[in-house]
Amino acid sequence: MTTKQNLAAKAETLRARLHHHSYQYYVLNRPEIRDAEYDRLFNQLKTLEAAHPELVTPDSPTQRVGGAVAAGFASVEHRVAMLSLDNAYSPEEIREFAARLARVLPGETFRYVCEPKVDGLGVALLYEKGRFVRGATRGDGRLGEDITQNLKTVRTIPLRLRPPLAALDLLEVRGEVFMSRDAFERLNRRLEADEEEPFANPRNAAAGSLRQKDPSVTAGRPLDIYVYGVSDARANPFTSHWEAMQALGEAGFKVNARSRACPDIDAVIATVAELERDRASLGYDADGVVIKVDSLDQQARLGSTTHHPRWALAYKFPAQRTTTVVRKIEVSVGRTGALTPTAILEPVEIAGATIGRATLHNADEIERLDVREGDTVVLERAGDVIPHILEVVADRRPPRAPRFVFPASCPVCGSAVSRPEGEVVARCANSTCPARLKESLLHYGSRRAMDIEHLGEAVVDQLVDRGLVRDFADLYRLDVEQLAGLERLAEKSATNLHTAIQSSRSRGLARLLFALGIRYVGENVARILAMEFGSVAKLMAATEEALAAVHGIGPRIAGSVVLFFRQEENRRLIAALRAAGVATEERASAGPKPLLGKTFVLTGTLDSMTREQAKDAIRRLGGRVSSSVSKKTNYVVVGADPGAKADDARRLDVATLGEEEFRALLES
Ligand code: IVH
């Protein structure tokens with residue numbers, strides 16, 4: 001063999017091994033090798049491909065991280081139309097479906113397959129000789145969009161099939177791309193931390209992620225798929241749908257373990273009831289159950305209407321909707337002065353929870369719904385997501401109910417409300433507004449800020465209402481006697497609170513900067529600022545340009561910091577905090593900073609230290625700790641029972657460290 005053939009063979013061996021282990025890990029949840037070993041193989045292949053680009057194949061595992069940004073998506077005509085499903089809402093309608101089948105094919109018996117109807121996005125995956133060549137959205141059923149590059153980033157979509165289906169010249173598989181509820185929550189927390197708009201529900205998150213123009217963004221989104229069929233039953237080498245699904249599983253696809261083969265319609269109805277009962281614990285949103293005739297021969301003979309196949313039915317779970325009455329619309333004021341309207345409802349039960357209030361978000365939303373006090377509204381709860389008001393039932397509005405007028409002045413302090421052009425949020429402009437002060441104090445004392453235990457809502461309300469606290473610095477002047485004088489605070493609790501307040505003085509600069517509640521200064525930004533400037537005094541003296549020049553600080557943050565310290569009342573506050581003995585300088589943490597510029601993400605538990613200790617150790621050596629993995633992450637430290645961040649690391653090709661390796665790094 002020539003060297004060239006040798007290298008090609010080596011690349012192929014690596015690809016095959018990586019495909020195998022990726023399948024074991026993502027689809028079967030049964031890894032056979034350690035993550036570090038997978039990474040080693042992956043890096044070998046990457047190095048080889050980098051040196052010999054002609055060896056890169058479209059189905060290489062390295063192609064999952066996302067390629068070039070697309071200008072738009074090409075249109076794809078589906079070989080077989082992606083039809084809809086006929087719906088049913090009760091067991092009776094399921095029996096009618098069976099009766100219909102018996103009328104069309106008299107004298108025959110039918111077996112069925114029941115599958116959870118996952119609420120995501122239907123896609124068509126095309127394979128040629130076992131290689132994934134094209135993936136498309138459903139679109140209007142006839143024309144879809146080519147999203148091949150984005151679909152390649154979904155780990156549970158095989159890029160190459162396993163035998164025997166791998167041998168087929170052509171195979172089109174259909175499935176539903178979705179995001180699990182856990183993954184959705186994590187993604188939203190990540191987006192919020194970056195001050196980006198979170199998604200309303202897992203389905204929107206999956207859709208938004210799948211239609212990204214930049215596949216590397218999709219690669220960072222935790223998408224998953226369940227396949228549910230082969231599109232052309234005639235080209236299908238099997239006799240039943242169930243058999244085909246087993247074969248798809250063997251070929252490397254992820255098939256739903258909650259699917260059931262049912263010998264008759266009674267079994268179907270029992271399965272549907274079972275899935276409906278377990279609906280909340282599936283881990284993903286499902287809006288019903290798809291019931292399919294199992295025999296592919298019968299499917300072919302039953303055929304389709306222009307709208308739906310006659311051999312399938314979607315049983316829809318009862319809508320998690322109900323109506324109730326809006327007793328009152330309240331507007332509360334948050335820490336930043338934002339006015340948030342909330343509908344106080346006649347309590348109703350919806351999907352097992354009693355709901356008494358729903359956010360109305362902002363003035364625009366009230367306008368859009370035209371919701372008024374006394375209105376009957378439709379309340380919807382989608383999956384685990386917080387209930388929201390869908391619409392007003394117009395003909396049940398009480399006579400002469402006045403339009404809701406959004407307050408022009410702060411409902412708490414009466415100051416003017418400002419709403420800058422182009423913004424949806426109206427804010428109380430008074431920085432000493434008691435409502436703002438209360439929220440600010442709660443934030444100041446919160447665990448990740450100054451960590452003042454026992455400084456809860458009841459205490460803060462009284463401190464502000466009695467005029468004992470007008471700003472953060474006032475907290476430090478409180479004595480035990482004053483605290484013990486508060487309602488529902490026993491002598492012992494007062495002492496504890498007093499101790500907690502006093503010890504918060506030495507939390508350090510980073511926590512203080514976060515605690516101040518400067519707009520756009522979250523925990524991480526606060527840490528960067530603390531590390532870079534070392535003291536409040538230096539930060540106050542910094543220009544907008546100097547701030548924006550710091551890695552990780554954009555112009556928006558820089559502007560906000562400068563604005564904050566330009567205000568006289570804030571400068572007075574800093575002076576007062578200093579006078580109260582609050583540390584406004586970073587403790588000079590001596591020693592070398594070998595991890596400067598390195599970003600770490602922690603996942604799983606470590607044996608030898610707590611999460612906080614690990615973070616401190618990294619920061620002491622100059623490193624940064626981030627909560628989510630991105631291409632800019634240098635290391636992901638993987639402890640026992642790691643979360644999805646370990647997957648993210650692999651997906652984005654970020655180095656991982658086991659506990660031993662991590663300790664060695666800290667010690668070296
Ligand atoms: S079969 C020709 N099976 O539901 C029959 N569809 O309203 C095609 N869906 O757009 C559909 N889970 O994306 C089928 N197990 C399942 C499904 C499923 C979710 C979606 C599918 C389709 C929609 C039909």
# chains A, B, ... in the order shown; residues from 1 in each chain; ligands from 1
>>> residues_near_ligand(ligand="ligand 1", cutoff="6 Å", atoms="only C-alpha atoms and all ligand atoms", output="list in words")
Leu83, Ser84, Leu85, Glu115, Pro116, Lys117, Val118, Leu121, Gly122, Glu176, Tyr228, Val290 and Pro309 of chain A
>>> write_last_selection(atoms="C-alpha atoms", output="compact mmCIF listing (two decimals), in the first residue's frame")
# COMPACT_ATOMS: atom_id res chain seq x y z
CA LEU A 83 -48.62 14.89 5.02
CA SER A 84 -50.44 15.93 8.16
CA LEU A 85 -52.37 13.61 10.44
CA GLU A 115 -45.89 6.41 19.33
CA PRO A 116 -45.63 9.56 21.45
CA LYS A 117 -46.33 12.56 19.25
CA VAL A 118 -43.26 14.59 20.09
CA LEU A 121 -40.18 19.89 13.99
CA GLY A 122 -40.73 17.26 11.35
CA GLU A 176 -39.10 14.88 14.83
CA TYR A 228 -40.81 7.77 13.32
CA VAL A 290 -49.72 8.81 16.86
CA PRO A 309 -52.73 9.03 5.43
>>> select_by_dssp(residues="segment 148-387 of chain A", states="alpha helix (DSSP H)", output="VMD selection string")
chain A and resid 148 to 152 181 to 193 202 to 210 215 to 219 241 to 251 265 to 278 296 to 302 363 to 369
>>> closest_residue(among="A:Glu660, A:Glu545, A:Asp266, A:Glu12", to="Thr57 of chain A", atoms="only C-alpha atoms")
A:Glu12
>>> closest_residue(among="A:Pro642, A:Glu92, A:Glu330, A:Asn570", to="Leu657 of chain A", atoms="only C-alpha atoms")
A:Pro642
>>> residues_around(residues="Ala193 of chain A", least_positions_apart="2", cutoff="10 Å", atoms="only C-alpha atoms", output="ChimeraX atom specification")
/A:187-191,195-198,520,522-524,627-628
>>> write_last_selection(atoms="all heavy atoms", output="short mmCIF file (atom, residue, chain, number, x, y, z; two decimals), in the first residue's frame")
data_model
loop_
_atom_site.label_atom_id
_atom_site.label_comp_id
_atom_site.auth_asym_id
_atom_site.auth_seq_id
_atom_site.Cartn_x
_atom_site.Cartn_y
_atom_site.Cartn_z
N LEU A 187 -30.56 25.97 28.19
CA LEU A 187 -30.31 26.92 27.11
C LEU A 187 -30.84 28.30 27.48
O LEU A 187 -30.16 29.32 27.30
CB LEU A 187 -30.96 26.43 25.81
CG LEU A 187 -30.94 27.41 24.64
CD1 LEU A 187 -29.51 27.72 24.22
CD2 LEU A 187 -31.72 26.87 23.45
N ASN A 188 -32.07 28.34 28.02
CA ASN A 188 -32.64 29.64 28.37
C ASN A 188 -31.83 30.34 29.45
O ASN A 188 -31.63 31.55 29.41
CB ASN A 188 -34.09 29.48 28.82
CG ASN A 188 -35.05 29.71 27.67
OD1 ASN A 188 -34.62 29.99 26.56
ND2 ASN A 188 -36.33 29.60 27.94
N ARG A 189 -31.32 29.57 30.42
CA ARG A 189 -30.50 30.19 31.46
C ARG A 189 -29.24 30.79 30.86
O ARG A 189 -28.80 31.86 31.23
CB ARG A 189 -30.16 29.17 32.56
CG ARG A 189 -31.10 29.32 33.76
CD ARG A 189 -30.76 28.34 34.84
NE ARG A 189 -31.54 27.12 34.66
CZ ARG A 189 -31.05 25.90 34.76
NH1 ARG A 189 -29.77 25.70 35.02
NH2 ARG A 189 -31.82 24.86 34.60
N ARG A 190 -28.69 30.06 29.89
CA ARG A 190 -27.48 30.53 29.22
C ARG A 190 -27.79 31.82 28.44
O ARG A 190 -27.04 32.78 28.49
CB ARG A 190 -27.01 29.43 28.28
CG ARG A 190 -25.61 29.59 27.78
CD ARG A 190 -25.17 28.33 27.08
NE ARG A 190 -25.51 28.35 25.68
CZ ARG A 190 -25.51 27.27 24.88
NH1 ARG A 190 -25.24 26.09 25.39
NH2 ARG A 190 -25.80 27.38 23.61
N LEU A 191 -28.91 31.82 27.71
CA LEU A 191 -29.27 33.00 26.93
C LEU A 191 -29.50 34.20 27.85
O LEU A 191 -29.06 35.31 27.57
CB LEU A 191 -30.52 32.73 26.09
CG LEU A 191 -30.35 31.73 24.94
CD1 LEU A 191 -31.71 31.42 24.32
CD2 LEU A 191 -29.40 32.27 23.89
N GLU A 195 -27.83 38.02 28.45
CA GLU A 195 -28.83 39.05 28.17
C GLU A 195 -29.40 38.92 26.77
O GLU A 195 -29.65 39.89 26.07
CB GLU A 195 -28.27 40.46 28.42
CG GLU A 195 -27.88 40.63 29.88
CD GLU A 195 -28.09 42.04 30.41
OE1 GLU A 195 -28.66 42.87 29.68
OE2 GLU A 195 -27.70 42.29 31.56
N GLU A 196 -29.61 37.66 26.35
CA GLU A 196 -30.29 37.43 25.08
C GLU A 196 -31.71 36.99 25.38
O GLU A 196 -32.00 36.51 26.47
CB GLU A 196 -29.56 36.36 24.28
CG GLU A 196 -28.31 36.88 23.60
CD GLU A 196 -27.67 35.81 22.74
OE1 GLU A 196 -28.39 35.21 21.94
OE2 GLU A 196 -26.46 35.60 22.90
N GLU A 197 -32.56 37.13 24.40
CA GLU A 197 -33.97 36.79 24.56
C GLU A 197 -34.15 35.27 24.73
O GLU A 197 -33.72 34.51 23.87
CB GLU A 197 -34.70 37.28 23.31
CG GLU A 197 -36.20 37.40 23.43
CD GLU A 197 -36.63 38.38 24.51
OE1 GLU A 197 -35.94 39.40 24.74
OE2 GLU A 197 -37.65 38.10 25.14
N PRO A 198 -34.76 34.81 25.84
CA PRO A 198 -34.98 33.37 25.97
C PRO A 198 -36.12 32.91 25.07
O PRO A 198 -36.89 33.72 24.58
CB PRO A 198 -35.35 33.20 27.44
CG PRO A 198 -35.86 34.53 27.86
CD PRO A 198 -35.21 35.57 27.00
N TYR A 520 -26.42 45.48 33.30
CA TYR A 520 -25.56 44.62 32.47
C TYR A 520 -24.34 44.07 33.19
O TYR A 520 -23.50 43.43 32.58
CB TYR A 520 -25.08 45.34 31.19
CG TYR A 520 -26.19 45.89 30.35
CD1 TYR A 520 -26.17 47.21 29.92
CD2 TYR A 520 -27.28 45.10 30.00
CE1 TYR A 520 -27.19 47.73 29.16
CE2 TYR A 520 -28.31 45.61 29.24
CZ TYR A 520 -28.27 46.93 28.82
OH TYR A 520 -29.28 47.45 28.06
N GLY A 522 -23.44 41.45 35.34
CA GLY A 522 -23.78 40.18 35.98
C GLY A 522 -22.58 39.67 36.75
O GLY A 522 -21.54 40.35 36.83
N GLU A 523 -22.71 38.48 37.29
CA GLU A 523 -21.63 37.91 38.09
C GLU A 523 -20.30 37.86 37.36
O GLU A 523 -19.25 38.21 37.91
CB GLU A 523 -22.00 36.46 38.43
CG GLU A 523 -22.51 36.28 39.82
CD GLU A 523 -22.83 34.82 40.03
OE1 GLU A 523 -23.63 34.26 39.26
OE2 GLU A 523 -22.27 34.25 40.97
N ASN A 524 -20.36 37.40 36.12
CA ASN A 524 -19.11 37.23 35.38
C ASN A 524 -18.44 38.52 35.03
O ASN A 524 -17.23 38.68 35.16
CB ASN A 524 -19.39 36.45 34.10
CG ASN A 524 -18.97 35.03 34.27
OD1 ASN A 524 -17.93 34.78 34.89
ND2 ASN A 524 -19.75 34.11 33.78
N SER A 627 -20.26 29.40 32.90
CA SER A 627 -21.28 28.41 33.19
C SER A 627 -21.67 27.60 31.96
O SER A 627 -22.34 26.59 32.06
CB SER A 627 -22.52 29.08 33.76
OG SER A 627 -23.01 29.99 32.82
N SER A 628 -21.25 28.05 30.78
CA SER A 628 -21.61 27.26 29.61
C SER A 628 -20.42 27.11 28.67
O SER A 628 -19.54 27.98 28.63
CB SER A 628 -22.79 27.92 28.89
OG SER A 628 -22.41 29.19 28.46
#
>>> closest_residue(among="A:Met179, A:Val268, A:Ile528, A:Met450", to="Tyr284 of chain A", atoms="only C-alpha atoms")
A:Met179
>>> closest_atom_pairs(of="segment 548-579 of chain A", to="segment 477-486 of chain A", cutoff="12 Å", atoms="only C-alpha atoms", output="CSV")
residue,atom,partner,partner_atom,distance
A:Ala576,CA,A:Arg477,CA,10.6
A:Leu577,CA,A:Arg477,CA,10.4
A:Ala579,CA,A:Arg477,CA,10.6
>>> write_last_selection(atoms="all heavy atoms", output="mmCIF file, in the first residue's frame")
data_model
loop_
_atom_site.group_PDB
_atom_site.id
_atom_site.type_symbol
_atom_site.label_atom_id
_atom_site.label_comp_id
_atom_site.auth_asym_id
_atom_site.auth_seq_id
_atom_site.Cartn_x
_atom_site.Cartn_y
_atom_site.Cartn_z
ATOM 1 N N ALA A 576 -20.101 55.853 51.359
ATOM 2 C CA ALA A 576 -20.756 55.393 52.587
ATOM 3 C C ALA A 576 -20.431 53.928 52.867
ATOM 4 O O ALA A 576 -20.225 53.525 54.016
ATOM 5 C CB ALA A 576 -22.269 55.586 52.479
ATOM 6 N N LEU A 577 -20.392 53.125 51.813
ATOM 7 C CA LEU A 577 -20.055 51.702 51.997
ATOM 8 C C LEU A 577 -18.632 51.571 52.525
ATOM 9 O O LEU A 577 -18.350 50.795 53.435
ATOM 10 C CB LEU A 577 -20.191 50.942 50.677
ATOM 11 C CG LEU A 577 -21.622 50.638 50.227
ATOM 12 C CD1 LEU A 577 -21.637 50.114 48.793
ATOM 13 C CD2 LEU A 577 -22.286 49.625 51.163
ATOM 14 N N ALA A 579 -17.000 53.799 54.202
ATOM 15 C CA ALA A 579 -16.993 54.259 55.597
ATOM 16 C C ALA A 579 -17.550 53.190 56.538
ATOM 17 O O ALA A 579 -17.136 53.079 57.688
ATOM 18 C CB ALA A 579 -17.806 55.550 55.719
#
>>> residues_around(residues="Leu313 of chain A", least_positions_apart="6", cutoff="8 Å", atoms="only C-alpha atoms", output="PyMOL selection string")
chain A and resi 85-88+94+97+290-292
>>> closest_residue(among="A:Arg221, A:Arg40, A:Arg15, A:Arg527", to="Arg624 of chain A", atoms="only C-alpha atoms")
A:Arg527
>>> atom_distance(atom1="atom CA of Glu453 of chain A", atom2="atom CA of Gln613 of chain A")
19.9 Å
>>> residues_around(residues="Glu659 of chain A", least_positions_apart="3", cutoff="10 Å", atoms="only C-alpha atoms", output="PyMOL selection string")
chain A and resi 605-609+637-640+656+662-665
>>> residues_around(residues="Leu369 of chain A", least_positions_apart="5", cutoff="9 Å", atoms="only C-alpha atoms", output="list in words")
Asp364, Ile389, Leu390, Glu391 and Val392 of chain A
>>> write_last_selection(atoms="N, CA and C atoms", output="PDB file, in the first residue's frame")
ATOM      1  N   ASP A 364     -47.270  46.829  26.097  1.00  0.00           N
ATOM      2  CA  ASP A 364     -47.606  46.411  24.731  1.00  0.00           C
ATOM      3  C   ASP A 364     -48.470  45.149  24.728  1.00  0.00           C
ATOM      4  N   ILE A 389     -51.680  34.083  29.398  1.00  0.00           N
ATOM      5  CA  ILE A 389     -53.003  34.429  28.890  1.00  0.00           C
ATOM      6  C   ILE A 389     -52.949  34.471  27.374  1.00  0.00           C
ATOM      7  N   LEU A 390     -53.808  33.665  26.777  1.00  0.00           N
ATOM      8  CA  LEU A 390     -53.793  33.533  25.333  1.00  0.00           C
ATOM      9  C   LEU A 390     -54.656  34.606  24.677  1.00  0.00           C
ATOM     10  N   GLU A 391     -55.857  34.788  25.227  1.00  0.00           N
ATOM     11  CA  GLU A 391     -56.747  35.786  24.643  1.00  0.00           C
ATOM     12  C   GLU A 391     -57.895  36.095  25.599  1.00  0.00           C
ATOM     13  N   VAL A 392     -58.612  37.164  25.255  1.00  0.00           N
ATOM     14  CA  VAL A 392     -59.770  37.567  26.036  1.00  0.00           C
ATOM     15  C   VAL A 392     -61.008  36.995  25.355  1.00  0.00           C
TER      16      VAL A 392
END
>>> select_by_dssp(residues="segment 31-227 of chain A", states="strand (DSSP E)", output="PyMOL selection string")
chain A and resi 75-77+87-88+112-118+121-128+131-137+143-145+170-178+224-227
>>> residues_around(residues="Pro202 of chain A", least_positions_apart="6", cutoff="10 Å", atoms="only C-alpha atoms", output="JSON, numbers by chain")
{"A": [119, 120, 178, 179, 180, 181, 182, 183, 184, 185, 187, 188, 208, 223, 284, 285, 382, 383, 384, 385]}
>>> decode(residues="segment 384-400 of chain A", atoms="N, CA and C atoms", output="compact mmCIF listing (two decimals), in the first residue's frame")
# COMPACT_ATOMS: atom_id res chain seq x y z
N ASP A 384 -44.40 22.14 30.76
CA ASP A 384 -44.02 22.58 32.09
C ASP A 384 -43.99 24.09 32.20
N VAL A 385 -44.19 24.74 31.06
CA VAL A 385 -43.96 26.17 31.00
C VAL A 385 -45.04 26.94 31.76
N ILE A 386 -44.63 28.06 32.31
CA ILE A 386 -45.52 28.92 33.10
C ILE A 386 -46.75 29.31 32.28
N PRO A 387 -47.93 29.27 32.90
CA PRO A 387 -49.15 29.58 32.16
C PRO A 387 -49.17 31.03 31.66
N HIS A 388 -49.78 31.22 30.52
CA HIS A 388 -49.91 32.60 30.03
C HIS A 388 -51.31 32.82 29.45
N ILE A 389 -51.68 34.08 29.40
CA ILE A 389 -53.00 34.43 28.89
C ILE A 389 -52.95 34.47 27.37
N LEU A 390 -53.81 33.66 26.78
CA LEU A 390 -53.79 33.53 25.33
C LEU A 390 -54.66 34.61 24.68
N GLU A 391 -55.86 34.79 25.23
CA GLU A 391 -56.75 35.79 24.64
C GLU A 391 -57.89 36.10 25.60
N VAL A 392 -58.61 37.16 25.25
CA VAL A 392 -59.77 37.57 26.04
C VAL A 392 -61.01 36.99 25.35
N VAL A 393 -61.94 36.48 26.16
CA VAL A 393 -63.20 36.01 25.59
C VAL A 393 -64.10 37.24 25.45
N ALA A 394 -64.17 37.76 24.22
CA ALA A 394 -64.76 39.09 24.00
C ALA A 394 -66.21 39.19 24.49
N ASP A 395 -67.03 38.15 24.21
CA ASP A 395 -68.45 38.31 24.54
C ASP A 395 -68.75 38.09 26.02
N ARG A 396 -67.71 37.88 26.82
CA ARG A 396 -67.98 37.75 28.25
C ARG A 396 -67.41 38.93 29.04
N ARG A 397 -67.17 40.02 28.33
CA ARG A 397 -66.67 41.21 29.02
C ARG A 397 -67.81 41.90 29.76
N PRO A 398 -67.60 42.26 31.03
CA PRO A 398 -68.67 42.95 31.75
C PRO A 398 -68.98 44.28 31.06
N PRO A 399 -70.24 44.70 31.08
CA PRO A 399 -70.59 45.95 30.39
C PRO A 399 -69.79 47.13 30.93
N ARG A 400 -69.41 47.99 30.03
CA ARG A 400 -68.70 49.23 30.37
C ARG A 400 -67.37 49.02 31.11
